[in-house]
Amino acid sequence: MTCVAAIEVDLDVSPIGTRSCIGHLVNGDSALTHTIRNVARAACLDSITLLAPENQISECEKHIPPSLARRVSVQANKVTGTPYRSLIQTARKWALDSWRGGLGGMTFMDEYTRTGELAMLGHGVKAEWVFCVNGGGPLVDPAMIDTMFDHAMRTEEEARLTFAQAPPGLVGTVYRTDLLIELGQHHMPPGFVLSYKPDHPQMDLANKSTCYTASVPIRRASGRLIADTRRSLETIRAYYETGGPVDADSVARWLIDRDRRVPSSLPRETELELSTDTQLPDALLRPCGDRLGRTGCLDVGIVERIARELGAYDDSLVMLGGFGEPLLHPRFGEILGILRDTGIYGIAVRTNGLALNDAIIDLLIEHKVDVLNVVLDAWTPETYARVQGVDRLDEVKQNLTRLEKRKQERKSVSPLVVPELTKSLHTMDDMDAFFDGWIRTSGWANMGTGGHYAGQVEDLRPMPMSPPSRTPCRQMMRRSLVLADGRVTVCDQDFKGRYTVGDVSGGDMSGSSLSDIWRGSAMEKARSQQIEGHCDSIPLCTSCDEWHRL
């Protein structure tokens with residue numbers, strides 16, 4: 001059986017829409033050179049081809065180690081346009097560190113796998129198999145390439161695709177050429193094969209032979225190892241600085257330890273509470289209205305200062321949410337403009353959908369808001385009235401229909417609408433119909449976890465979902481919440497702002513910038529106590545069971 005390697009390369013723009021870093025130095029060589037060298041160490045590959053834009057061929061050749069010049073070639077892309085590229089980029093923004101988790105079931109394979117291009121390569125050289133990897137994966141493990149190809153050969157009667165549950169950039173994907181031809185003809189990304197389809201249900205392919213079962217550390221680790229963002233490049237360089245071996249298990253164990261102990265330089269995701277106002281003050285499943293004990297709107301100047309800080313990283317995410325309705329902020333459009341002008345990578349808005357009038361809809365499309373998370377908490381009007389305190393479900397659905405029509409008129413992919421239902425004792429009967437119904441309608445749906453906010457509200461969950469043994473809080477390492485008055489909380493369970501760690505409004509608490517607060521003494525103390533297994537300094541932590549979530 002013939003297997004060829006295809007390394008997707010673009011020296012200017014990455015597949016996720018950021019500035020490419022594959023030409024940047026990592027431990028003395030470019031990330032691309034390391035990738036080529038590691039791929040070439042795999043014994044199963046008959047040839048290696050870099051697939052690159054035609055105007056980059058000569059520059060790409062400079063990254064090929066001289067000893068591999070006869071074995072590695074550069075080929076110009078034949079497929080110039082890739083349908084769904086903008087959809088995939090948007091759907092993956094909140095899951096860059098994971099192999100799966102993108103909206104609609106999108107995986108890291110979808111980011112860089114251009115099925116039509118790979119089909120032409122495999123067919124052209126008469127190869128039965130094509131191994132595909134991103135050119136910015138300098139930690140790709142050659143031993144895993146051989147192991148996965150061996151697995152593909154042993155299971156070829158059952159599967160035409162072999163992938164592994166692993167951090168992006170640590171492994172590649174093995175495709176049978178005939179599958180690539182089928183997907184390429186229909187312009188389908190590989191994630192379509194894995195995604196859930198309510199009208200054609202199947203066992204999750206992660207539980208079938210198409211998935212190579214990697215070691216426990218590899219399956220558990222998260223972290224982006226593709227040189228396409230400033231943060232991921234820093235992660236790759238940090239591992240090389242340890243002097244550790246380039247093998248998947250070693251890298252995965254390092255990622256797990258780092259994830260527990262080392263916070264990101266700035267929050268990966270920052271949630272901004274634009275307003276405490278809401279049209280549903282009596283909603284049962286989240287603290288709002290009078291239960292907050294706070295009122296007001298976030299100052300636009302604070303938003304601008306935070307956005308400029310976060311813009312230093314090209315993968316920063318901002319969620320406009322909190323415990324009120326963000327669409328009620330009187331300067332909502334101005335805030336969206338600020339976030340885009342300062343280079344924020346991903347923008348999401350969490351809303352109840354009642355304020356989606358024509359003007360708001362146009363703002364969402366104009367500023368390319370990536371995700372509109374619409375918290376419905378019901379499939380039927382009866383359930384909606386019970387959990388929201390008023391029957392306005394049809395009104396929200398009409399607003400969403402108008403939004404989708406406007407997106408079609410403007411030929412806009414975004415915002416991706418993600419309806420959400422919080423799993424609770426009051427919504428259990430609606431869960432199946434809600435999920436399948438919205439998957440059919442909008443392609444996306446989310447089942448929220450709800451909770452008791454560290455014992456501050458009644459627990460309406462059907463059952464607790466936290467793991468049996470506690471580990472350091474993951475939210476403290478990656479996420480930040482700024483309340484409408486400018487105070488920064490230790491996490492998003494503190495809806496009343498009882499245990500804040502700073503104030504970006506320049507108030508009485510020390511630290512006026514988000515970065516000062518994020519790496520300040522109060523936040524570092526909270527993290528240290530989590531790592532050491534002591535949560536006593538923050539009473540909310542002792543009662544919280546959401547520490548395992550991101």
# chains A, B, ... in the order shown; residues from 1 in each chain; ligands from 1
$ select_by_dssp --residues "region 115-155 of chain A" --states "strand (DSSP E)" --output "number ranges by chain"
A: 129-134
$ select_by_dssp --residues "region 58-143 of chain A" --states "alpha helix (DSSP H)" --output "ChimeraX atom specification"
/A:58-61,85-92,108-112,115-124,142-143
$ closest_atom_pairs --of "region 135-193 of chain A" --to "region 202-222 of chain A" --cutoff "9 Å" --atoms "only C-alpha atoms" --output "CSV"
residue,atom,partner,partner_atom,distance
A:Met144,CA,A:Ala214,CA,8.9
A:Thr147,CA,A:Tyr212,CA,8.7
A:Met148,CA,A:Tyr212,CA,6.5
A:His151,CA,A:Tyr212,CA,6.8
A:Ala152,CA,A:Thr210,CA,7.6
A:Thr155,CA,A:Ser209,CA,6.6
A:Glu156,CA,A:Thr210,CA,8.8
A:Glu158,CA,A:Ser209,CA,7.0
A:Ala159,CA,A:Thr210,CA,5.3
A:Arg160,CA,A:Thr210,CA,7.2
A:Leu161,CA,A:Thr210,CA,5.7
A:Thr162,CA,A:Thr210,CA,4.8
A:Phe163,CA,A:Cys211,CA,5.1
A:Ala164,CA,A:Tyr212,CA,5.1
A:Gln165,CA,A:Arg219,CA,5.3
A:Ala166,CA,A:Arg219,CA,5.3
A:Pro167,CA,A:Ser222,CA,5.2
A:Pro168,CA,A:Ser222,CA,8.1
A:Leu170,CA,A:Ile218,CA,8.9
A:Val193,CA,A:Leu205,CA,8.5
$ closest_residue --among "A:Leu320, A:Leu421, A:Ala348, A:Ile361" --to "Asp377 (chain A)" --atoms "only C-alpha atoms"
A:Leu421
$ residues_around --residues "Cys541 (chain A)" --least-positions-apart "3" --cutoff "10 Å" --atoms "only C-alpha atoms" --output "tab-separated table (two decimals) with N, CA, C and O atoms, in the first residue's frame"
chain	number	residue	atom	x	y	z
A	453	TYR	N	-24.12	27.89	41.64
A	453	TYR	CA	-23.22	29.03	41.84
A	453	TYR	C	-22.63	29.01	43.25
A	453	TYR	O	-22.78	29.94	44.03
A	454	ALA	N	-21.96	27.90	43.53
A	454	ALA	CA	-21.27	27.72	44.81
A	454	ALA	C	-22.21	27.90	45.98
A	454	ALA	O	-21.89	28.53	46.99
A	473	CYS	N	-8.68	24.52	39.76
A	473	CYS	CA	-9.71	25.13	38.93
A	473	CYS	C	-9.14	25.53	37.58
A	473	CYS	O	-8.16	26.28	37.50
A	490	VAL	N	-12.93	36.44	40.69
A	490	VAL	CA	-12.00	35.33	40.60
A	490	VAL	C	-12.50	34.29	39.59
A	490	VAL	O	-11.71	33.56	38.98
A	491	CYS	N	-13.82	34.22	39.39
A	491	CYS	CA	-14.39	33.34	38.37
A	491	CYS	C	-15.85	33.72	38.14
A	491	CYS	O	-16.38	34.59	38.82
A	493	GLN	N	-18.57	32.21	38.88
A	493	GLN	CA	-19.55	31.77	39.87
A	493	GLN	C	-19.93	32.92	40.81
A	493	GLN	O	-20.96	32.88	41.47
A	494	ASP	N	-19.08	33.93	40.86
A	494	ASP	CA	-19.27	35.04	41.80
A	494	ASP	C	-20.14	36.13	41.16
A	494	ASP	O	-19.68	37.21	40.85
A	526	ALA	N	-5.03	32.96	44.79
A	526	ALA	CA	-6.16	32.06	44.57
A	526	ALA	C	-5.73	30.83	43.77
A	526	ALA	O	-6.12	29.70	44.09
A	530	GLN	N	-5.44	26.76	44.93
A	530	GLN	CA	-6.07	25.69	44.17
A	530	GLN	C	-5.06	24.58	43.88
A	530	GLN	O	-5.36	23.39	44.02
A	534	HIS	N	-5.91	23.86	48.70
A	534	HIS	CA	-6.51	24.63	49.78
A	534	HIS	C	-7.36	25.75	49.18
A	534	HIS	O	-6.84	26.60	48.47
A	535	CYS	N	-8.63	25.76	49.48
A	535	CYS	CA	-9.53	26.77	48.92
A	535	CYS	C	-10.16	27.65	50.00
A	535	CYS	O	-11.12	28.38	49.72
A	536	ASP	N	-9.61	27.60	51.20
A	536	ASP	CA	-10.27	28.24	52.34
A	536	ASP	C	-10.33	29.75	52.25
A	536	ASP	O	-11.22	30.38	52.83
A	537	SER	N	-9.38	30.38	51.53
A	537	SER	CA	-9.35	31.84	51.52
A	537	SER	C	-10.53	32.43	50.75
A	537	SER	O	-10.89	33.58	50.94
A	538	ILE	N	-11.12	31.66	49.84
A	538	ILE	CA	-12.28	32.11	49.08
A	538	ILE	C	-13.42	31.15	49.39
A	538	ILE	O	-13.47	30.04	48.84
A	544	CYS	N	-17.97	25.17	45.52
A	544	CYS	CA	-18.11	25.11	44.05
A	544	CYS	C	-17.85	23.71	43.53
A	544	CYS	O	-16.95	23.01	44.01
A	545	ASP	N	-18.62	23.29	42.55
A	545	ASP	CA	-18.33	22.04	41.85
A	545	ASP	C	-18.27	22.24	40.34
A	545	ASP	O	-18.54	21.34	39.56
A	546	GLU	N	-17.88	23.45	39.93
A	546	GLU	CA	-17.71	23.76	38.51
A	546	GLU	C	-16.25	23.97	38.16
A	546	GLU	O	-15.92	24.47	37.09
A	547	TRP	N	-15.34	23.57	39.05
A	547	TRP	CA	-13.91	23.80	38.86
A	547	TRP	C	-13.32	23.06	37.66
A	547	TRP	O	-12.25	23.41	37.17
$ atom_distance --atom1 "CA of Ser469 (chain A)" --atom2 "CA of Arg549 (chain A)"
13.7 Å
$ residues_around --residues "Arg474 (chain A)" --least-positions-apart "2" --cutoff "9 Å" --atoms "only C-alpha atoms" --output "ChimeraX atom specification"
/A:259-260,471-472,476-479,547-550
$ closest_residue --among "A:Ser505, A:Thr107, A:Tyr239, A:Ser232" --to "Ser264 (chain A)" --atoms "only C-alpha atoms"
A:Ser232
$ residues_around --residues "Glu271 (chain A)" --least-positions-apart "4" --cutoff "8 Å" --atoms "only C-alpha atoms" --output "ChimeraX atom specification"
/A:318-322,479-482
$ write_last_selection --atoms "N, CA, C and O atoms" --output "CSV table (one decimal), in the first residue's frame"
chain,number,residue,atom,x,y,z
A,318,VAL,N,-13.6,37.2,23.3
A,318,VAL,CA,-14.5,38.0,24.2
A,318,VAL,C,-15.9,37.6,24.1
A,318,VAL,O,-16.5,37.4,23.1
A,319,MET,N,-16.5,37.3,25.3
A,319,MET,CA,-17.9,37.0,25.4
A,319,MET,C,-18.6,38.2,26.0
A,319,MET,O,-18.3,38.6,27.1
A,320,LEU,N,-19.6,38.7,25.4
A,320,LEU,CA,-20.4,39.8,25.9
A,320,LEU,C,-21.6,39.1,26.6
A,320,LEU,O,-22.5,38.6,25.9
A,321,GLY,N,-21.6,39.0,27.9
A,321,GLY,CA,-22.6,38.2,28.6
A,321,GLY,C,-22.8,38.7,30.0
A,321,GLY,O,-23.5,39.7,30.3
A,322,GLY,N,-22.2,37.9,30.9
A,322,GLY,CA,-22.5,38.3,32.3
A,322,GLY,C,-23.9,37.8,32.8
A,322,GLY,O,-24.4,36.8,32.3
A,479,ARG,N,-9.8,32.0,32.0
A,479,ARG,CA,-11.0,32.9,31.8
A,479,ARG,C,-11.0,34.0,32.9
A,479,ARG,O,-10.6,33.8,34.0
A,480,SER,N,-11.6,35.1,32.4
A,480,SER,CA,-11.8,36.2,33.3
A,480,SER,C,-13.2,36.8,33.1
A,480,SER,O,-13.7,36.8,32.0
A,481,LEU,N,-13.8,37.3,34.2
A,481,LEU,CA,-15.1,37.9,34.2
A,481,LEU,C,-15.0,39.3,34.7
A,481,LEU,O,-14.5,39.6,35.8
A,482,VAL,N,-15.4,40.3,33.9
A,482,VAL,CA,-15.5,41.7,34.3
A,482,VAL,C,-16.9,42.1,34.5
A,482,VAL,O,-17.7,42.0,33.6
$ residues_around --residues "Leu416 (chain A)" --least-positions-apart "6" --cutoff "8 Å" --atoms "only C-alpha atoms" --output "NGL selection string"
:A and (90-91 or 370-372)
$ write_last_selection --atoms "N, CA, C and O atoms" --output "PDB file, in the first residue's frame"
ATOM      1  N   THR A  90     -14.817  30.245  11.852  1.00  0.00           N
ATOM      2  CA  THR A  90     -15.699  30.768  12.895  1.00  0.00           C
ATOM      3  C   THR A  90     -16.093  29.675  13.886  1.00  0.00           C
ATOM      4  O   THR A  90     -16.084  29.886  15.102  1.00  0.00           O
ATOM      5  N   ALA A  91     -16.416  28.504  13.377  1.00  0.00           N
ATOM      6  CA  ALA A  91     -16.893  27.413  14.225  1.00  0.00           C
ATOM      7  C   ALA A  91     -15.818  26.884  15.162  1.00  0.00           C
ATOM      8  O   ALA A  91     -16.128  26.325  16.217  1.00  0.00           O
ATOM      9  N   ASP A 370     -19.046  36.489  15.861  1.00  0.00           N
ATOM     10  CA  ASP A 370     -18.865  35.090  15.484  1.00  0.00           C
ATOM     11  C   ASP A 370     -20.002  34.201  15.953  1.00  0.00           C
ATOM     12  O   ASP A 370     -20.517  33.373  15.187  1.00  0.00           O
ATOM     13  N   VAL A 371     -20.390  34.347  17.215  1.00  0.00           N
ATOM     14  CA  VAL A 371     -21.374  33.439  17.808  1.00  0.00           C
ATOM     15  C   VAL A 371     -22.439  34.239  18.540  1.00  0.00           C
ATOM     16  O   VAL A 371     -22.124  35.152  19.312  1.00  0.00           O
ATOM     17  N   LEU A 372     -23.684  33.896  18.292  1.00  0.00           N
ATOM     18  CA  LEU A 372     -24.803  34.442  19.042  1.00  0.00           C
ATOM     19  C   LEU A 372     -25.394  33.293  19.850  1.00  0.00           C
ATOM     20  O   LEU A 372     -26.101  32.437  19.318  1.00  0.00           O
TER      21      LEU A 372
END
$ closest_residue --among "A:Val246, A:Ile439, A:Leu376, A:Ile302" --to "Gly506 (chain A)" --atoms "only C-alpha atoms"
A:Ile302
$ decode --residues "region 296-342 of chain A" --atoms "N, CA and C atoms" --output "JSON list (two decimals), in the first residue's frame"
[["chain", "number", "residue", "atom", "x", "y", "z"],
["A", 296, "GLY", "N", -26.47, 48.61, 36.68],
["A", 296, "GLY", "CA", -25.59, 49.48, 35.91],
["A", 296, "GLY", "C", -25.14, 48.88, 34.60],
["A", 297, "CYS", "N", -24.40, 49.69, 33.82],
["A", 297, "CYS", "CA", -23.84, 49.29, 32.53],
["A", 297, "CYS", "C", -22.32, 49.49, 32.55],
["A", 298, "LEU", "N", -21.61, 48.66, 31.82],
["A", 298, "LEU", "CA", -20.15, 48.76, 31.75],
["A", 298, "LEU", "C", -19.76, 49.98, 30.93],
["A", 299, "ASP", "N", -18.82, 50.73, 31.45],
["A", 299, "ASP", "CA", -18.34, 51.93, 30.77],
["A", 299, "ASP", "C", -17.60, 51.57, 29.48],
["A", 300, "VAL", "N", -17.88, 52.28, 28.40],
["A", 300, "VAL", "CA", -17.27, 51.98, 27.10],
["A", 300, "VAL", "C", -15.76, 52.17, 27.17],
["A", 301, "GLY", "N", -15.29, 53.12, 27.95],
["A", 301, "GLY", "CA", -13.85, 53.33, 28.09],
["A", 301, "GLY", "C", -13.15, 52.11, 28.67],
["A", 302, "ILE", "N", -13.82, 51.42, 29.60],
["A", 302, "ILE", "CA", -13.26, 50.20, 30.16],
["A", 302, "ILE", "C", -13.14, 49.13, 29.08],
["A", 303, "VAL", "N", -14.18, 49.00, 28.27],
["A", 303, "VAL", "CA", -14.16, 48.03, 27.18],
["A", 303, "VAL", "C", -12.98, 48.29, 26.26],
["A", 304, "GLU", "N", -12.76, 49.54, 25.91],
["A", 304, "GLU", "CA", -11.67, 49.88, 24.99],
["A", 304, "GLU", "C", -10.30, 49.55, 25.60],
["A", 305, "ARG", "N", -10.10, 49.86, 26.87],
["A", 305, "ARG", "CA", -8.82, 49.56, 27.51],
["A", 305, "ARG", "C", -8.56, 48.06, 27.56],
["A", 306, "ILE", "N", -9.59, 47.31, 27.90],
["A", 306, "ILE", "CA", -9.43, 45.85, 27.97],
["A", 306, "ILE", "C", -9.17, 45.28, 26.58],
["A", 307, "ALA", "N", -9.90, 45.76, 25.59],
["A", 307, "ALA", "CA", -9.74, 45.24, 24.22],
["A", 307, "ALA", "C", -8.34, 45.50, 23.69],
["A", 308, "ARG", "N", -7.79, 46.66, 24.00],
["A", 308, "ARG", "CA", -6.43, 46.97, 23.52],
["A", 308, "ARG", "C", -5.40, 46.04, 24.18],
["A", 309, "GLU", "N", -5.62, 45.72, 25.44],
["A", 309, "GLU", "CA", -4.73, 44.76, 26.09],
["A", 309, "GLU", "C", -4.84, 43.38, 25.45],
["A", 310, "LEU", "N", -6.06, 42.91, 25.29],
["A", 310, "LEU", "CA", -6.27, 41.57, 24.76],
["A", 310, "LEU", "C", -5.81, 41.45, 23.32],
["A", 311, "GLY", "N", -5.85, 42.57, 22.57],
["A", 311, "GLY", "CA", -5.44, 42.55, 21.17],
["A", 311, "GLY", "C", -3.99, 42.20, 20.96],
["A", 312, "ALA", "N", -3.17, 42.19, 22.04],
["A", 312, "ALA", "CA", -1.77, 41.79, 21.92],
["A", 312, "ALA", "C", -1.64, 40.32, 21.53],
["A", 313, "TYR", "N", -2.69, 39.54, 21.80],
["A", 313, "TYR", "CA", -2.70, 38.13, 21.41],
["A", 313, "TYR", "C", -3.75, 37.94, 20.32],
["A", 314, "ASP", "N", -3.34, 37.26, 19.25],
["A", 314, "ASP", "CA", -4.20, 37.15, 18.08],
["A", 314, "ASP", "C", -5.24, 36.06, 18.17],
["A", 315, "ASP", "N", -5.37, 35.41, 19.34],
["A", 315, "ASP", "CA", -6.43, 34.41, 19.53],
["A", 315, "ASP", "C", -7.34, 34.75, 20.71],
["A", 316, "SER", "N", -7.33, 36.01, 21.15],
["A", 316, "SER", "CA", -8.14, 36.41, 22.29],
["A", 316, "SER", "C", -9.63, 36.34, 21.96],
["A", 317, "LEU", "N", -10.40, 35.86, 22.93],
["A", 317, "LEU", "CA", -11.84, 35.69, 22.78],
["A", 317, "LEU", "C", -12.56, 36.58, 23.78],
["A", 318, "VAL", "N", -13.65, 37.20, 23.35],
["A", 318, "VAL", "CA", -14.46, 38.02, 24.23],
["A", 318, "VAL", "C", -15.91, 37.56, 24.15],
["A", 319, "MET", "N", -16.48, 37.30, 25.31],
["A", 319, "MET", "CA", -17.90, 36.97, 25.41],
["A", 319, "MET", "C", -18.62, 38.16, 26.05],
["A", 320, "LEU", "N", -19.60, 38.69, 25.36],
["A", 320, "LEU", "CA", -20.44, 39.75, 25.92],
["A", 320, "LEU", "C", -21.64, 39.08, 26.57],
["A", 321, "GLY", "N", -21.58, 38.97, 27.90],
["A", 321, "GLY", "CA", -22.62, 38.22, 28.59],
["A", 321, "GLY", "C", -22.83, 38.68, 30.01],
["A", 322, "GLY", "N", -22.24, 37.94, 30.94],
["A", 322, "GLY", "CA", -22.48, 38.26, 32.34],
["A", 322, "GLY", "C", -23.85, 37.81, 32.79],
["A", 323, "PHE", "N", -24.51, 38.59, 33.66],
["A", 323, "PHE", "CA", -25.77, 38.18, 34.25],
["A", 323, "PHE", "C", -26.93, 39.11, 33.89],
["A", 324, "GLY", "N", -26.70, 39.93, 32.88],
["A", 324, "GLY", "CA", -27.77, 40.77, 32.35],
["A", 324, "GLY", "C", -27.89, 40.53, 30.85],
["A", 325, "GLU", "N", -28.59, 41.41, 30.18],
["A", 325, "GLU", "CA", -28.80, 41.30, 28.74],
["A", 325, "GLU", "C", -27.90, 42.30, 28.01],
["A", 326, "PRO", "N", -26.84, 41.84, 27.33],
["A", 326, "PRO", "CA", -25.88, 42.75, 26.70],
["A", 326, "PRO", "C", -26.48, 43.62, 25.60],
["A", 327, "LEU", "N", -27.52, 43.13, 24.93],
["A", 327, "LEU", "CA", -28.11, 43.91, 23.84],
["A", 327, "LEU", "C", -28.80, 45.17, 24.35],
["A", 328, "LEU", "N", -29.02, 45.27, 25.66],
["A", 328, "LEU", "CA", -29.67, 46.45, 26.23],
["A", 328, "LEU", "C", -28.68, 47.58, 26.53],
["A", 329, "HIS", "N", -27.39, 47.33, 26.34],
["A", 329, "HIS", "CA", -26.42, 48.41, 26.55],
["A", 329, "HIS", "C", -26.67, 49.50, 25.50],
["A", 330, "PRO", "N", -26.80, 50.76, 25.89],
["A", 330, "PRO", "CA", -27.15, 51.82, 24.92],
["A", 330, "PRO", "C", -26.10, 52.05, 23.85],
["A", 331, "ARG", "N", -24.88, 51.60, 24.07],
["A", 331, "ARG", "CA", -23.81, 51.80, 23.08],
["A", 331, "ARG", "C", -23.26, 50.46, 22.58],
["A", 332, "PHE", "N", -24.18, 49.50, 22.43],
["A", 332, "PHE", "CA", -23.80, 48.14, 22.04],
["A", 332, "PHE", "C", -23.03, 48.13, 20.71],
["A", 333, "GLY", "N", -23.51, 48.84, 19.71],
["A", 333, "GLY", "CA", -22.83, 48.86, 18.41],
["A", 333, "GLY", "C", -21.44, 49.44, 18.50],
["A", 334, "GLU", "N", -21.26, 50.48, 19.29],
["A", 334, "GLU", "CA", -19.94, 51.09, 19.47],
["A", 334, "GLU", "C", -18.97, 50.09, 20.10],
["A", 335, "ILE", "N", -19.46, 49.31, 21.04],
["A", 335, "ILE", "CA", -18.63, 48.31, 21.70],
["A", 335, "ILE", "C", -18.17, 47.24, 20.70],
["A", 336, "LEU", "N", -19.07, 46.79, 19.84],
["A", 336, "LEU", "CA", -18.68, 45.82, 18.82],
["A", 336, "LEU", "C", -17.59, 46.39, 17.91],
["A", 337, "GLY", "N", -17.73, 47.64, 17.54],
["A", 337, "GLY", "CA", -16.73, 48.29, 16.70],
["A", 337, "GLY", "C", -15.37, 48.34, 17.37],
["A", 338, "ILE", "N", -15.35, 48.65, 18.66],
["A", 338, "ILE", "CA", -14.10, 48.71, 19.41],
["A", 338, "ILE", "C", -13.42, 47.34, 19.43],
["A", 339, "LEU", "N", -14.19, 46.30, 19.68],
["A", 339, "LEU", "CA", -13.62, 44.95, 19.74],
["A", 339, "LEU", "C", -13.00, 44.55, 18.41],
["A", 340, "ARG", "N", -13.67, 44.87, 17.32],
["A", 340, "ARG", "CA", -13.13, 44.53, 16.01],
["A", 340, "ARG", "C", -11.91, 45.39, 15.66],
["A", 341, "ASP", "N", -11.97, 46.68, 15.96],
["A", 341, "ASP", "CA", -10.87, 47.58, 15.62],
["A", 341, "ASP", "C", -9.59, 47.26, 16.39],
["A", 342, "THR", "N", -9.72, 46.69, 17.56],
["A", 342, "THR", "CA", -8.54, 46.36, 18.36],
["A", 342, "THR", "C", -8.03, 44.95, 18.10]]
